[in-house]
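Shown below: coords-v5.cif, with mmCIF, C-alpha atoms.
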data_run
#
loop_
_atom_site.label_atom_id
_atom_site.label_comp_id
_atom_site.auth_asym_id
_atom_site.auth_seq_id
_atom_site.Cartn_x
_atom_site.Cartn_y
_atom_site.Cartn_z
CA MET A 1 0.00 0.00 0.00
CA LYS A 2 1.48 3.35 -1.05
CA ARG A 3 1.87 6.12 1.51
CA LEU A 4 1.05 9.70 0.54
CA ALA A 5 3.63 12.24 1.70
CA VAL A 6 3.53 16.00 1.27
CA VAL A 7 7.18 17.06 0.91
CA ALA A 8 8.19 20.72 1.26
CA ILE A 9 11.50 21.75 -0.31
CA GLY A 10 13.07 25.17 0.33
CA GLY A 11 13.71 27.91 -2.23
CA ASN A 12 17.44 27.45 -1.56
CA ALA A 13 17.21 23.91 -2.98
CA VAL A 14 16.74 25.75 -6.28
CA ASN A 15 19.20 28.64 -5.87
CA ARG A 16 22.18 27.87 -3.62
CA PRO A 17 23.56 30.71 -1.47
CA GLY A 18 26.31 32.62 -3.28
CA GLU A 19 25.56 30.95 -6.61
CA LYS A 20 24.45 32.88 -9.71
CA PRO A 21 20.67 32.44 -10.11
CA THR A 22 20.85 31.32 -13.75
CA ALA A 23 18.33 28.92 -15.30
CA GLU A 24 21.21 26.49 -15.89
CA ASN A 25 22.13 26.43 -12.18
CA MET A 26 18.48 26.09 -11.18
CA PHE A 27 17.97 23.06 -13.43
CA LYS A 28 21.16 21.50 -12.05
CA ASN A 29 20.10 22.01 -8.42
CA ILE A 30 16.56 20.81 -9.05
CA ARG A 31 17.89 17.67 -10.72
CA THR A 32 19.81 16.86 -7.53
CA THR A 33 16.67 17.51 -5.46
CA ALA A 34 14.57 15.40 -7.84
CA SER A 35 16.91 12.42 -7.40
CA TYR A 36 16.13 12.36 -3.65
CA LEU A 37 12.40 12.64 -4.35
CA ALA A 38 12.70 9.77 -6.85
CA ASP A 39 14.23 7.66 -4.05
CA MET A 40 10.98 8.15 -2.12
CA ILE A 41 8.94 7.02 -5.11
CA ASP A 42 11.25 3.97 -5.33
CA MET A 43 10.37 3.29 -1.69
CA GLY A 44 6.65 3.19 -2.55
CA TYR A 45 5.54 6.73 -1.70
CA ASP A 46 3.03 8.88 -3.55
CA LEU A 47 4.15 12.51 -3.46
CA VAL A 48 2.75 15.99 -3.43
CA ILE A 49 5.75 18.32 -3.68
CA THR A 50 5.67 21.91 -2.45
CA HIS A 51 8.52 24.38 -2.78
CA GLY A 52 9.77 27.73 -1.56
CA ASN A 53 10.16 30.74 -3.83
CA GLY A 54 11.72 33.45 -1.64
CA PRO A 55 14.96 33.94 -3.63
CA GLN A 56 13.09 33.67 -6.93
CA VAL A 57 10.45 36.28 -6.04
CA GLY A 58 13.27 38.51 -4.78
CA ASN A 59 15.00 38.22 -8.15
CA LEU A 60 11.79 39.08 -10.03
CA LEU A 61 11.27 42.12 -7.78
CA LEU A 62 14.82 43.24 -8.56
CA GLN A 63 14.31 42.76 -12.32
CA GLN A 64 11.08 44.74 -12.13
CA ASP A 65 12.73 47.50 -10.14
CA ILE A 66 15.43 47.89 -12.79
CA ALA A 67 12.88 47.90 -15.64
CA LYS A 68 10.15 49.92 -13.89
CA GLY A 69 10.66 52.91 -16.22
CA THR A 70 9.80 50.72 -19.22
CA ILE A 71 7.38 48.07 -17.95
CA PRO A 72 5.01 48.60 -14.98
CA PRO A 73 5.80 46.22 -12.07
CA PHE A 74 3.39 43.37 -11.31
CA PRO A 75 1.76 42.84 -7.89
CA MET A 76 2.95 40.15 -5.46
CA ASP A 77 0.21 37.64 -6.27
CA VAL A 78 1.14 37.71 -9.97
CA LEU A 79 4.85 37.31 -9.14
CA GLY A 80 3.95 34.32 -6.98
CA SER A 81 2.10 32.74 -9.89
CA MET A 82 5.08 33.37 -12.19
CA THR A 83 7.47 31.55 -9.85
CA GLN A 84 4.98 28.70 -9.37
CA GLY A 85 4.83 28.31 -13.15
CA TYR A 86 8.51 28.22 -13.97
CA LEU A 87 9.64 26.34 -10.86
CA GLY A 88 6.83 23.83 -11.39
CA TYR A 89 8.01 23.34 -14.97
CA MET A 90 11.60 22.75 -13.84
CA ILE A 91 10.68 20.31 -11.06
CA VAL A 92 8.29 18.35 -13.28
CA GLN A 93 10.83 18.09 -16.10
CA GLU A 94 13.79 17.00 -13.96
CA LEU A 95 11.77 14.53 -11.88
CA LYS A 96 10.21 13.03 -15.02
CA ASN A 97 13.68 12.65 -16.60
CA ILE A 98 15.04 10.82 -13.54
CA LEU A 99 11.98 8.55 -13.32
CA ASN A 100 12.41 7.70 -17.01
CA GLU A 101 16.08 6.84 -16.40
CA ARG A 102 15.00 4.52 -13.59
CA LYS A 103 12.29 2.96 -15.80
CA ILE A 104 9.55 4.21 -13.47
CA ASN A 105 6.44 5.07 -15.48
CA ARG A 106 4.68 7.84 -13.51
CA ASP A 107 3.04 11.05 -14.65
CA VAL A 108 4.17 14.29 -12.97
CA ALA A 109 2.14 17.51 -13.10
CA ALA A 110 2.32 21.01 -11.62
CA VAL A 111 -0.80 22.82 -10.41
CA VAL A 112 -0.70 26.60 -10.04
CA THR A 113 -2.35 26.86 -6.61
CA GLN A 114 -4.36 29.68 -5.05
CA ILE A 115 -4.46 29.66 -1.24
CA VAL A 116 -7.36 31.38 0.52
CA VAL A 117 -6.63 33.82 3.35
CA ASP A 118 -8.92 35.97 5.49
CA LYS A 119 -8.99 39.60 4.36
CA ASN A 120 -9.31 40.52 8.07
CA ASP A 121 -6.23 38.49 9.06
CA PRO A 122 -4.21 40.58 11.57
CA GLY A 123 -1.13 39.96 9.37
CA PHE A 124 -2.47 42.60 6.98
CA GLN A 125 -2.21 45.24 9.73
CA ASN A 126 1.35 44.20 10.60
CA PRO A 127 3.43 43.42 7.46
CA SER A 128 6.39 41.32 8.58
CA LYS A 129 7.66 39.17 5.70
CA PRO A 130 10.80 40.64 4.02
CA VAL A 131 10.81 40.39 0.21
CA GLY A 132 12.98 41.65 -2.61
CA PRO A 133 16.27 43.56 -2.73
CA PHE A 134 17.99 45.62 -0.04
CA TYR A 135 17.83 49.43 -0.18
CA THR A 136 19.50 52.26 1.70
CA GLU A 137 17.36 54.06 4.26
CA GLU A 138 17.08 57.05 1.92
CA GLU A 139 15.94 54.89 -1.03
CA ALA A 140 13.46 52.99 1.14
CA LYS A 141 11.87 56.18 2.47
CA LYS A 142 11.53 57.58 -1.05
CA ILE A 143 9.76 54.41 -2.25
CA MET A 144 7.52 54.45 0.84
CA GLU A 145 6.41 57.97 -0.09
CA GLU A 146 5.92 57.12 -3.78
CA LYS A 147 4.16 53.75 -3.45
CA GLY A 148 2.95 53.49 0.11
CA TRP A 149 4.94 50.27 0.64
CA MET A 150 6.22 49.30 4.09
CA PHE A 151 9.97 48.94 4.67
CA LYS A 152 11.92 47.70 7.68
CA GLU A 153 15.61 47.53 8.50
CA ASP A 154 16.76 43.92 8.12
CA SER A 155 19.49 42.71 10.53
CA GLY A 156 21.95 45.50 9.67
CA ARG A 157 22.01 44.51 5.98
CA GLY A 158 19.84 47.36 4.71
CA TRP A 159 16.16 48.15 4.29
CA ARG A 160 13.73 45.71 2.67
CA ARG A 161 10.11 45.84 1.70
CA VAL A 162 7.87 43.90 4.11
CA VAL A 163 4.51 42.45 3.12
CA PRO A 164 1.70 40.76 5.08
CA SER A 165 1.98 37.03 5.83
CA PRO A 166 -1.58 35.86 6.56
CA ILE A 167 -2.53 32.37 7.77
CA PRO A 168 -3.52 29.94 4.95
CA LEU A 169 -7.09 28.62 5.24
CA ASP A 170 -7.96 26.62 2.12
CA ALA A 171 -6.75 25.69 -1.39
CA ILE A 172 -8.92 26.65 -4.37
CA GLU A 173 -7.51 23.77 -6.47
CA LYS A 174 -7.76 21.10 -3.73
CA ASN A 175 -10.20 18.85 -5.62
CA THR A 176 -8.04 18.93 -8.75
CA ILE A 177 -4.96 17.98 -6.70
CA LYS A 178 -6.93 15.16 -4.98
CA ASP A 179 -8.11 13.82 -8.37
CA LEU A 180 -4.55 13.80 -9.72
CA VAL A 181 -3.20 11.98 -6.64
CA GLU A 182 -5.99 9.40 -6.86
CA ASN A 183 -5.02 8.83 -10.50
CA ASP A 184 -1.42 8.03 -9.52
CA VAL A 185 0.02 11.40 -10.62
CA ILE A 186 2.92 12.95 -8.68
CA VAL A 187 1.87 16.55 -8.09
CA VAL A 188 3.80 19.80 -7.60
CA ALA A 189 1.49 22.27 -5.85
CA GLY A 190 1.31 25.19 -3.43
CA GLY A 191 4.62 26.64 -4.58
CA GLY A 192 5.92 29.53 -2.49
CA GLY A 193 3.05 29.07 -0.04
CA GLY A 194 0.53 29.45 -2.85
CA ILE A 195 -0.90 32.57 -4.46
CA PRO A 196 -2.67 34.48 -1.66
CA VAL A 197 -6.31 35.19 -2.51
CA ILE A 198 -9.41 36.32 -0.67
CA ILE A 199 -13.00 35.37 -1.47
CA GLU A 200 -15.34 38.36 -1.58
CA GLU A 201 -18.93 38.14 -0.28
CA SER A 202 -20.05 37.87 -3.90
CA GLY A 203 -17.91 34.72 -4.27
CA GLU A 204 -15.35 36.50 -6.47
CA ILE A 205 -11.74 35.34 -5.98
CA LYS A 206 -9.23 38.18 -5.75
CA GLY A 207 -5.42 38.16 -5.35
CA VAL A 208 -3.85 40.18 -2.52
CA GLU A 209 -0.42 41.70 -1.86
CA ALA A 210 0.99 39.17 0.59
CA VAL A 211 3.31 36.17 0.96
CA ILE A 212 2.10 33.01 2.69
CA ASP A 213 4.62 31.00 4.67
CA LYS A 214 5.51 27.95 2.55
CA ASP A 215 5.65 25.51 5.46
CA ARG A 216 2.27 26.60 6.86
CA ALA A 217 0.64 26.25 3.43
CA SER A 218 2.31 22.84 2.96
CA ALA A 219 0.94 21.62 6.31
CA LEU A 220 -2.53 22.82 5.26
CA LEU A 221 -2.27 20.86 1.99
CA ALA A 222 -1.10 17.76 3.90
CA LYS A 223 -4.21 17.99 6.10
CA ILE A 224 -6.58 18.63 3.18
CA LEU A 225 -5.16 15.63 1.27
CA ASN A 226 -5.21 13.36 4.36
CA ALA A 227 -1.50 12.66 3.82
CA ASP A 228 0.15 9.84 5.76
CA GLU A 229 3.22 11.96 6.46
CA PHE A 230 4.36 15.59 6.25
CA ILE A 231 8.04 16.16 5.49
CA ILE A 232 10.02 19.41 5.51
CA LEU A 233 13.43 19.30 3.83
CA THR A 234 15.81 21.97 5.07
CA ALA A 235 19.53 22.72 5.51
CA VAL A 236 20.03 20.72 8.73
CA GLU A 237 19.90 16.97 9.40
CA LYS A 238 17.99 17.43 12.66
CA VAL A 239 16.31 20.14 14.71
CA TYR A 240 18.44 21.39 17.61
CA LEU A 241 17.90 23.00 20.96
CA ASN A 242 20.37 25.85 21.60
CA PHE A 243 21.30 25.76 17.91
CA ASN A 244 24.89 26.82 17.12
CA LYS A 245 25.75 27.10 20.83
CA PRO A 246 28.29 24.94 22.71
CA ASP A 247 25.46 23.05 24.43
CA GLN A 248 23.34 22.44 21.31
CA LYS A 249 21.32 19.23 21.47
CA ALA A 250 19.86 17.29 18.54
CA LEU A 251 16.22 16.21 18.73
CA ASP A 252 15.34 12.73 17.45
CA THR A 253 11.67 11.92 18.15
CA ILE A 254 9.54 14.42 20.05
CA THR A 255 5.86 14.65 20.93
CA ILE A 256 3.57 17.61 20.23
CA GLU A 257 3.75 18.51 23.94
CA GLU A 258 7.56 18.56 23.88
CA ALA A 259 7.60 20.62 20.68
CA GLU A 260 5.21 23.19 22.17
CA LYS A 261 7.31 23.37 25.33
CA TYR A 262 10.46 24.08 23.28
CA ILE A 263 8.58 26.72 21.24
CA ALA A 264 7.46 28.44 24.47
CA GLU A 265 11.06 28.39 25.74
CA GLY A 266 12.18 30.25 22.58
CA HIS A 267 14.48 27.60 21.15
CA PHE A 268 13.56 28.17 17.50
CA ALA A 269 14.38 31.24 15.39
CA LYS A 270 11.38 33.19 14.07
CA GLY A 271 12.63 33.47 10.50
CA SER A 272 13.83 29.89 10.06
CA MET A 273 12.98 26.89 12.27
CA LEU A 274 9.98 28.25 14.20
CA PRO A 275 7.44 28.18 11.32
CA LYS A 276 8.67 24.68 10.38
CA ILE A 277 8.10 23.33 13.90
CA GLU A 278 4.75 25.13 14.22
CA SER A 279 3.63 23.75 10.84
CA CYS A 280 4.59 20.21 11.82
CA VAL A 281 2.78 20.54 15.16
CA SER A 282 -0.34 21.81 13.35
CA PHE A 283 -0.32 18.81 10.99
CA VAL A 284 0.39 16.19 13.69
CA LYS A 285 -2.28 17.64 16.00
CA ASP A 286 -5.03 17.60 13.37
CA ALA A 287 -4.04 14.54 11.34
CA LYS A 288 -2.76 12.37 14.22
CA LYS A 289 0.07 11.32 11.89
CA PRO A 290 3.83 11.99 12.02
CA ALA A 291 5.88 14.85 10.57
CA LEU A 292 9.58 14.83 9.75
CA ILE A 293 12.23 17.56 9.43
CA THR A 294 15.60 16.67 7.89
CA ASP A 295 18.25 17.50 5.32
CA MET A 296 17.47 16.48 1.75
CA GLU A 297 20.68 14.44 1.52
CA LYS A 298 19.67 12.42 4.58
CA LEU A 299 16.07 11.87 3.46
CA LYS A 300 16.29 8.12 2.78
CA GLU A 301 18.02 7.47 6.12
CA ALA A 302 15.45 9.64 7.90
CA LEU A 303 12.57 7.70 6.33
CA GLU A 304 14.21 4.52 7.61
CA GLY A 305 14.24 6.03 11.12
CA LYS A 306 18.02 6.47 11.28
CA THR A 307 18.16 10.29 11.46
CA GLY A 308 16.05 13.44 11.21
CA THR A 309 13.66 14.92 13.76
CA LYS A 310 10.27 13.23 13.92
CA ILE A 311 7.24 14.87 15.56
CA ILE A 312 4.59 12.41 16.72
CA PRO A 313 1.15 12.72 18.35
#
Give the structure from this file in structure tokens form.
Amino acid sequence: MKRLAVVAIGGNAVNRPGEKPTAENMFKNIRTTASYLADMIDMGYDLVITHGNGPQVGNLLLQQDIAKGTIPPFPMDVLGSMTQGYLGYMIVQELKNILNERKINRDVAAVVTQIVVDKNDPGFQNPSKPVGPFYTEEEAKKIMEEKGWMFKEDSGRGWRRVVPSPIPLDAIEKNTIKDLVENDVIVVAGGGGGIPVIIEESGEIKGVEAVIDKDRASALLAKILNADEFIILTAVEKVYLNFNKPDQKALDTITIEEAEKYIAEGHFAKGSMLPKIESCVSFVKDAKKPALITDMEKLKEALEGKTGTKIIP
């Protein structure tokens, strides 16, 4: 019996830090990622693959900023759909090529996914998600006056635009994704946290200027699809307490209660591990099934129970 896993891969699995963000490099990195995902399919898993898009949206914002005198910039929801489209294409192509090499006959498809948020979500009153290039304070203040955008100083590196990050509530394309999974198709969906949309009282769907956290949206999809397992692939083999300190301690298997205790004690950084842990806890609580956080290169060993951090009910 196949197990359905929702697997979330980070945007940095596409563009490595310090590497030129060329299409050639992206295809190369995605091919490496796809080989690990193909291992899961070899092990008998059905997959729904989600992915980050932070670096890619940042690059599009930079391109638009440079060309703004010639072509009007697009809003955030449209940029999100653009990254979903081209990253979906790359992942589908590379995974299909590897499956063909391994003589595994499976269809792979990407679904551009709209994720519903509440237009009254408090996140809209407190934009917090940094996006796009860095600016000087003077440049940031000028853009704030011209466009009404919000900027915040980012860890001494300069000023960046911040946008709302509302909580994901539902997926418009959920039935299509379910149908594909039931027909043995490997699906790429919910890229970059999905395209944030609201539903007006009239029933009209409308995109909004926001960025949804990729891990939260992935956990939502895992619940909607009744997945057997939720997996987040990141840059570390395990989750740690006191990370990068002399007394750091690796976590192997932890319960929801232990995870919530560590969250309350402030062990996990807001911009990196915290949303991953919170997303796993949300899935495990509602689905009563396990979640796993590990490094992509250790995925097979983690699935065999030899490494990784597993969160259980």
**Length of the CA of Ser282 in chain A to CA of Asn126 in chain A vector [Å]** = 22.6 Å
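When CA of Leu95 in chain A is paired with CA of Val187 in chain A, their separation reads 10.8 Å.
The result of the PyMOL selection byres ((chain A and resi 199) around 12) on the shown file is Gln114, Ile115, Val116, Val117, Asp118, Lys119, Asn120, Leu169, Asp170, Ala171, Ile172, Pro196, Val197, Ile198, Glu200, Glu201, Ser202, Gly203, Glu204, Ile205, Lys206, Gly207 and Val208 of chain A.
Within the file as shown, the PyMOL selection byres ((chain A and resi 243-249) around 12) identifies Val236, Lys238, Val239, Tyr240, Leu241, Asn242, Ala250, Leu251, Asp252, Gly266, His267, Phe268, Ala269, Ser272, Met273 and Thr309 of chain A.
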**Complete:** Taken to one decimal, the CA of Leu233 in chain A-CA of Lys310 in chain A distance is 12.2 Å
**Request:** Taking the file above as input, evaluate the PyMOL selection byres ((chain A and resi 285) around 12) and report the hits as a list in words.
**Result:** Ala219, Leu220, Lys223, Phe230, Thr255, Ile256, Glu257, Ala259, Glu260, Glu278, Ser279, Cys280, Val281, Ser282, Phe283, Val284, Asp286, Ala287, Lys288, Lys289, Pro290, Ala291, Ile311, Ile312 and Pro313 of chain A
Centre, x/y/z edge lengths, axis-aligned box for range 283-288 of chain A with 6 Å per side, as AutoDock Vina command-line options:
--center_x -2.3 --center_y 15.6 --center_z 13.5 --size_x 17.4 --size_y 18.4 --size_z 17.0
**Fill in**
Closest of A:Phe74, A:Ile91, A:Leu180, A:Asp65 to Phe134 in chain A, counting only C-alpha atoms, is A:Asp65
**Item:** From A:Leu4, A:Leu37, A:Lys68, A:Val185, residue lying nearest Leu221 in chain A [all atoms listed in the file]
**Value:** A:Leu4
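Of the listed residues A:Leu274, A:Val188, A:Ile41, A:Val7, the one whose atoms come nearest to Gly85 in chain A is A:Val188, with distances taken using only C-alpha atoms.
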**Message:** Ranking A:Tyr135, A:Ile98, A:Arg160, A:Val6 by minimum distance to Ile224 in chain A and counting all atoms listed in the file, which one comes first?
**Reply:**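 Ranked by minimum distance to Ile224 in chain A, first place goes to A:Val6.
Proximity ranking of A:Lys96, A:Val48, A:Leu60, A:Gly190 relative to Gly132 in chain A places A:Leu60 first, based on only C-alpha atoms.
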**Request:** Find the residue from A:Val57, A:Leu47, A:Ala302, A:Arg161 that sits nearest to Gly148 in chain A; use only C-alpha atoms when measuring.
**Result:**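 Between A:Val57, A:Leu47, A:Ala302, A:Arg161, the residue approaching Gly148 in chain A most closely is A:Arg161.
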